[in-house]
Amino acid sequence: MVVAHEHPVDTEEQAAFRAEARAFLEANAAAKRESSPWAVNFHTSEEEGRRHFELGRSWQRTLFDHRFAGLTYPRELGGRGGTSWHESIYREEADHFDASSGFIAATLAMLGPTLMRHGTEAQQQEYVPRLLSGDDAWCQLFSEPGSGSDLAGLACKAERDGDEFVVTGQKVWNSAAQFCDRGMLLVRTNPDMPKHHGITFLLVDMDSPGIEVRPLVQATGASHFNEVFLSEVRVPVSRVLGQIDEGWVPARTVMSNESAFIGGSGGGSTSERLMMLARLYGVDGDPVTRQDLARLHCHERVLAMMSERIMAAVRRRETPPVDPSILKLAVAGNRVLSGNLAMAIAGPAGLISSDERGAWIQSELLSRYGVSIGGGTNEVQRNNLAERALGLPREPTADRDRPWRDIPRS
Ligand SMILES: Cc1cc2nc3c(=O)[nH]c(=O)nc-3n(C[C@H](O)[C@H](O)[C@H](O)COP(=O)(O)OP(=O)(O)OC[C@H]3O[C@@H](n4cnc5c(N)ncnc54)[C@H](O)[C@@H]3O)c2cc1C
């Protein structure tokens, strides 16, 4: 039983929704303080990864069945038809519970608004309800061996054959692609146009003939991401999201939602667990450790407040008060600080212990740089801030207006 919070600013309707959300969470999820602080999404095998992925999918199904998935999506597409305060209140209540849709929450945040903005009515009807229910899990097939930060240079090609595109090429670093049912795929459909044009956004079934997913095994034994090879994969033209050759437009919507999602999550707070760890290892009186803990705690608090301001504006479909790239940079910085601190507190013992606490320390250490790269590197976020927020001159590029086929490639 979670202690009820008084919210004197709630209207009657809001208070009723808060009570409904709290009752739903109490009936279906474990309270945070009842679960172990060291429980972690850290896998050492593909099977564990799959199990965790499917747990997230089943929580998404529970949300959907109780009308808590897609709070602001239209009712006719499986949502609740609510407004931004439904999201805020649900978030506040869910914060006391240990329940997450995991990877599915990320793709929902990336693809959902993109389908709503750029999808046809038929596409919205076909995909949105299954996205909200978790029946379809989507992976992002954007990056290629030669195109990460310079994503617009991508080379995976698609040629038109009647009512279909025939796709051949390679993608890489595709998170959870081995578990997903469908993919958001960027392909080059017109090499004669400059690189930001001539790209098309396709919605592809991952079980289409010609798709081969090869998991990349990491140091932990798990495979967070994959290589995806496409050999003459046939995708109907009706699966184009947005306009043919102008797929960069919906791709940008996906990427900005991705940054906002990573930043808006606040990256989770670890300072309290690190304080517990410092007590356990007897270094809570050490001045340097105390200083680092205080620094991380302050960063987390500031980030949480900034994140709430930005996400509230995103939910109201207003321009955020500051550029969301700041949030993603701050989350990335906190993850590095937290991983280094966990290791500094535990010392080498943290690396060899195989209990739950040891797994948490190792996870903090080994995954500390992921956020600095995935969803756009720190350097790319700084470029965004320089250009968008500070109005500094664009980074000089020699290839922006040249036909893609004339740009030298390694
Ligand atoms: C945890 C994780 C999950 C991911 N999931 C997915 C996924 O699901 N789907 C997907 O498609 N991709 C995914 N990626 C890939 C990710 O988007 C790319 O790794 C990222 O965009 C960087 O591209 P790159 O690896 O090719 O590095 P590069 O672009 O080659 O960058 C190498 C270095 O050069 C720097 N650099 C490059 N260009 C500039 C510039 N203009 N100015 C300053 N510095 C620059 C970069 O910051 C970086 O330090 C994931 C990556 C990670 C780490």
# chains A, B, ... in the order shown; residues from 1 in each chain; ligands from 1
>>> residues_near_ligand(ligand="ligand 1", cutoff="7 Å", atoms="only C-alpha atoms and all ligand atoms", output="compact mmCIF listing (two decimals) with C-alpha atoms, in the first residue's frame")
# COMPACT_ATOMS: atom_id res chain seq x y z
CA CYS A 139 13.00 -1.11 -33.69
CA GLN A 140 14.83 1.82 -35.23
CA LEU A 141 16.71 0.90 -38.41
CA PHE A 142 18.54 4.20 -38.99
CA SER A 143 22.31 3.94 -38.34
CA GLU A 144 24.67 2.31 -40.84
CA PRO A 145 28.36 1.42 -40.67
CA GLY A 146 29.19 4.67 -42.53
CA SER A 147 26.33 6.85 -41.25
CA GLY A 148 25.74 7.56 -37.58
CA SER A 149 26.13 11.23 -36.68
CA ASP A 150 26.00 11.96 -40.40
CA LYS A 171 21.99 -1.22 -40.70
CA VAL A 172 23.83 -1.39 -37.38
CA TRP A 173 23.47 -0.70 -33.61
CA ASN A 174 19.74 -1.46 -33.84
CA SER A 175 18.57 -1.83 -30.25
CA PHE A 225 21.93 -4.18 -30.29
CA GLY A 370 25.71 4.47 -23.74
CA VAL A 371 23.63 7.63 -23.34
CA ILE A 373 26.37 8.05 -27.90
CA GLY A 374 22.89 6.58 -28.52
CA GLY A 375 20.23 8.95 -29.86
CA GLY A 376 22.93 11.39 -31.05
CA THR A 377 26.36 11.84 -29.46
CA ASN A 378 27.25 14.56 -26.95
CA GLU A 379 29.16 16.41 -29.68
CA VAL A 380 26.13 16.33 -31.98
CA ASN A 383 26.27 21.29 -32.30
>>> residues_around(residues="Gly153 in chain A", least_positions_apart="3", cutoff="12 Å", atoms="only C-alpha atoms", output="JSON, numbers by chain")
{"A": [142, 143, 144, 145, 146, 147, 148, 149, 150, 156, 157, 186, 187, 188, 191, 193, 194, 195, 196, 197, 198, 199, 248, 399, 400, 402, 403, 404, 405, 406, 407, 408, 409, 410]}
>>> write_last_selection(atoms="N, CA and C atoms", output="short mmCIF file (atom, residue, chain, number, x, y, z; two decimals), in the first residue's frame")
data_model
loop_
_atom_site.label_atom_id
_atom_site.label_comp_id
_atom_site.auth_asym_id
_atom_site.auth_seq_id
_atom_site.Cartn_x
_atom_site.Cartn_y
_atom_site.Cartn_z
N PHE A 142 18.02 2.96 -38.42
CA PHE A 142 18.54 4.20 -38.99
C PHE A 142 20.04 4.09 -39.27
N SER A 143 20.85 3.86 -38.21
CA SER A 143 22.31 3.94 -38.34
C SER A 143 22.85 2.88 -39.30
N GLU A 144 23.96 3.24 -39.95
CA GLU A 144 24.67 2.31 -40.84
C GLU A 144 26.15 2.37 -40.50
N PRO A 145 26.93 1.39 -40.99
CA PRO A 145 28.36 1.42 -40.67
C PRO A 145 29.02 2.75 -41.05
N GLY A 146 28.57 3.41 -42.13
CA GLY A 146 29.19 4.67 -42.53
C GLY A 146 28.35 5.89 -42.19
N SER A 147 27.23 5.71 -41.52
CA SER A 147 26.33 6.85 -41.25
C SER A 147 25.71 6.75 -39.87
N GLY A 148 26.29 7.50 -38.94
CA GLY A 148 25.74 7.56 -37.58
C GLY A 148 25.37 9.01 -37.30
N SER A 149 26.39 9.79 -36.89
CA SER A 149 26.13 11.23 -36.68
C SER A 149 25.71 11.86 -38.00
N ASP A 150 26.36 11.45 -39.07
CA ASP A 150 26.00 11.96 -40.40
C ASP A 150 24.95 11.04 -41.01
N CYS A 156 21.77 2.66 -47.58
CA CYS A 156 20.89 1.51 -47.79
C CYS A 156 19.88 1.89 -48.89
N LYS A 157 19.88 1.14 -50.00
CA LYS A 157 19.11 1.66 -51.14
C LYS A 157 17.79 0.91 -51.35
N LEU A 186 15.06 3.69 -42.73
CA LEU A 186 15.40 4.79 -43.65
C LEU A 186 16.20 4.25 -44.82
N VAL A 187 15.77 4.60 -46.03
CA VAL A 187 16.46 4.09 -47.23
C VAL A 187 16.70 5.23 -48.22
N ARG A 188 17.69 5.03 -49.08
CA ARG A 188 18.00 6.01 -50.13
C ARG A 188 17.21 5.64 -51.38
N PRO A 191 19.41 8.84 -55.40
CA PRO A 191 20.80 9.25 -55.14
C PRO A 191 21.18 10.54 -55.86
N MET A 193 19.53 13.34 -55.60
CA MET A 193 19.15 14.52 -54.80
C MET A 193 20.21 14.76 -53.72
N PRO A 194 20.31 15.99 -53.17
CA PRO A 194 21.23 16.22 -52.05
C PRO A 194 20.89 15.30 -50.87
N LYS A 195 21.87 15.07 -49.99
CA LYS A 195 21.73 13.94 -49.05
C LYS A 195 20.53 14.01 -48.11
N HIS A 196 20.06 15.20 -47.75
CA HIS A 196 18.90 15.25 -46.85
C HIS A 196 17.59 14.98 -47.58
N HIS A 197 17.65 14.90 -48.90
CA HIS A 197 16.48 14.53 -49.70
C HIS A 197 16.79 13.18 -50.32
N GLY A 198 15.83 12.61 -51.07
CA GLY A 198 16.10 11.31 -51.69
C GLY A 198 16.13 10.18 -50.68
N ILE A 199 15.68 10.48 -49.43
CA ILE A 199 15.56 9.45 -48.38
C ILE A 199 14.08 9.15 -48.20
N TRP A 248 13.35 12.37 -44.58
CA TRP A 248 14.13 13.06 -43.53
C TRP A 248 13.19 13.82 -42.59
N ASP A 399 29.19 19.16 -48.52
CA ASP A 399 28.39 18.20 -49.30
C ASP A 399 26.88 18.45 -49.21
N ARG A 400 26.47 19.50 -48.52
CA ARG A 400 25.04 19.68 -48.25
C ARG A 400 24.19 19.79 -49.51
N ARG A 402 25.25 18.98 -52.71
CA ARG A 402 25.68 18.13 -53.84
C ARG A 402 24.77 16.91 -53.93
N PRO A 403 24.59 16.37 -55.15
CA PRO A 403 23.84 15.12 -55.24
C PRO A 403 24.53 14.06 -54.37
N TRP A 404 23.74 13.23 -53.65
CA TRP A 404 24.31 12.24 -52.74
C TRP A 404 25.32 11.35 -53.47
N ARG A 405 25.03 11.00 -54.75
CA ARG A 405 25.90 10.04 -55.44
C ARG A 405 27.30 10.61 -55.69
N ASP A 406 27.46 11.97 -55.66
CA ASP A 406 28.77 12.59 -55.91
C ASP A 406 29.57 12.81 -54.63
N ILE A 407 28.98 12.48 -53.46
CA ILE A 407 29.71 12.71 -52.20
C ILE A 407 30.68 11.54 -52.00
N PRO A 408 31.98 11.84 -51.79
CA PRO A 408 32.93 10.73 -51.60
C PRO A 408 32.58 9.92 -50.36
N ARG A 409 32.64 8.59 -50.46
CA ARG A 409 32.33 7.71 -49.32
C ARG A 409 33.47 6.74 -49.12
N SER A 410 33.71 6.37 -47.87
CA SER A 410 34.80 5.43 -47.61
C SER A 410 34.32 4.01 -47.89
#
>>> closest_residue(among="A:Phe24, A:Trp85, A:Trp138, A:Tyr90", to="His66 in chain A", atoms="only C-alpha atoms")
A:Phe24
>>> select_by_dssp(residues="range 103-261 of chain A", states="strand (DSSP E)", output="ChimeraX atom specification")
/A:138-141,157-161,164-175,182-188,199-205,211-215,225-236,240-241
>>> residues_around(residues="range 202-215 of chain A", least_positions_apart="2", cutoff="8 Å", atoms="only C-alpha atoms", output="PyMOL selection string")
chain A and resi 177-178+180-187+200+217+223-235+239-241
>>> closest_residue(among="A:Asn41, A:Leu111, A:Arg394, A:Ala21", to="Val254 in chain A", atoms="only C-alpha atoms")
A:Leu111
>>> residues_around(residues="Asp10 in chain A", least_positions_apart="4", cutoff="12 Å", atoms="only C-alpha atoms", output="PyMOL selection string")
chain A and resi 5-6+14-19+85-86+88-89
>>> write_last_selection(atoms="N, CA, C and O atoms", output="compact mmCIF listing (two decimals), in the first residue's frame")
# COMPACT_ATOMS: atom_id res chain seq x y z
N HIS A 5 -0.88 10.78 -1.54
CA HIS A 5 -0.38 12.15 -1.45
C HIS A 5 -1.53 13.11 -1.65
O HIS A 5 -2.38 12.90 -2.51
N GLU A 6 -1.52 14.17 -0.87
CA GLU A 6 -2.54 15.21 -1.05
C GLU A 6 -2.08 16.13 -2.16
O GLU A 6 -0.92 16.53 -2.22
N GLN A 14 -9.43 15.95 -11.87
CA GLN A 14 -8.04 15.49 -11.75
C GLN A 14 -7.88 14.58 -10.53
O GLN A 14 -7.17 13.56 -10.61
N ALA A 15 -8.51 14.94 -9.44
CA ALA A 15 -8.41 14.11 -8.22
C ALA A 15 -9.00 12.73 -8.49
O ALA A 15 -8.45 11.71 -8.05
N ALA A 16 -10.09 12.68 -9.27
CA ALA A 16 -10.72 11.38 -9.58
C ALA A 16 -9.77 10.54 -10.44
O ALA A 16 -9.61 9.33 -10.22
N PHE A 17 -9.11 11.19 -11.40
CA PHE A 17 -8.19 10.45 -12.26
C PHE A 17 -7.00 9.97 -11.43
O PHE A 17 -6.52 8.84 -11.58
N ARG A 18 -6.50 10.82 -10.53
CA ARG A 18 -5.36 10.43 -9.69
C ARG A 18 -5.73 9.20 -8.85
O ARG A 18 -4.94 8.25 -8.75
N ALA A 19 -6.93 9.21 -8.30
CA ALA A 19 -7.36 8.07 -7.48
C ALA A 19 -7.47 6.81 -8.33
O ALA A 19 -7.06 5.72 -7.92
N TRP A 85 -2.44 16.99 -18.58
CA TRP A 85 -2.45 16.77 -17.13
C TRP A 85 -2.66 15.29 -16.79
O TRP A 85 -2.20 14.80 -15.76
N HIS A 86 -3.34 14.53 -17.67
CA HIS A 86 -3.47 13.09 -17.42
C HIS A 86 -2.07 12.47 -17.36
O HIS A 86 -1.77 11.66 -16.49
N SER A 88 0.81 14.02 -16.72
CA SER A 88 1.57 14.49 -15.54
C SER A 88 1.13 13.74 -14.29
O SER A 88 1.96 13.28 -13.51
N ILE A 89 -0.18 13.62 -14.11
CA ILE A 89 -0.67 12.96 -12.90
C ILE A 89 -0.28 11.49 -12.90
O ILE A 89 0.20 10.95 -11.90
>>> residues_around(residues="Glu272 in chain A", least_positions_apart="2", cutoff="12 Å", atoms="only C-alpha atoms", output="PyMOL selection string")
chain A and resi 37-38+268-270+274-279+293-294+296-298+300-301+338+342
>>> write_last_selection(atoms="C-alpha atoms", output="PDB file, in the first residue's frame")
ATOM      1  CA  PRO A  37      17.060  -0.909  -4.668  1.00  0.00           C
ATOM      2  CA  TRP A  38      19.651  -2.962  -6.541  1.00  0.00           C
ATOM      3  CA  GLY A 268      16.750   7.959 -13.156  1.00  0.00           C
ATOM      4  CA  SER A 269      18.203   9.003  -9.838  1.00  0.00           C
ATOM      5  CA  THR A 270      21.145   7.026  -8.473  1.00  0.00           C
ATOM      6  CA  LEU A 274      25.207   5.585  -4.083  1.00  0.00           C
ATOM      7  CA  MET A 275      24.826   7.072  -0.593  1.00  0.00           C
ATOM      8  CA  MET A 276      23.647   3.658   0.650  1.00  0.00           C
ATOM      9  CA  LEU A 277      26.618   2.088  -1.094  1.00  0.00           C
ATOM     10  CA  ALA A 278      29.031   4.591   0.511  1.00  0.00           C
ATOM     11  CA  ARG A 279      27.647   3.678   3.963  1.00  0.00           C
ATOM     12  CA  LEU A 293      27.839  12.505  -4.045  1.00  0.00           C
ATOM     13  CA  ALA A 294      26.689  16.061  -3.370  1.00  0.00           C
ATOM     14  CA  LEU A 296      25.597  14.188  -8.433  1.00  0.00           C
ATOM     15  CA  HIS A 297      22.636  14.826  -6.135  1.00  0.00           C
ATOM     16  CA  CYS A 298      22.521  18.523  -7.166  1.00  0.00           C
ATOM     17  CA  GLU A 300      19.931  15.126 -10.503  1.00  0.00           C
ATOM     18  CA  ARG A 301      17.670  17.617  -8.752  1.00  0.00           C
ATOM     19  CA  SER A 338      27.281   7.821 -11.395  1.00  0.00           C
ATOM     20  CA  ALA A 342      29.882   3.486  -8.029  1.00  0.00           C
TER      21      ALA A 342
END
>>> closest_residue(among="A:Leu303, A:Ser372, A:Asp355, A:Glu87", to="Arg335 in chain A", atoms="only C-alpha atoms")
A:Ser372
>>> atom_distance(atom1="CA of Tyr281 in chain A", atom2="CA of Arg295 in chain A")
19.5 Å
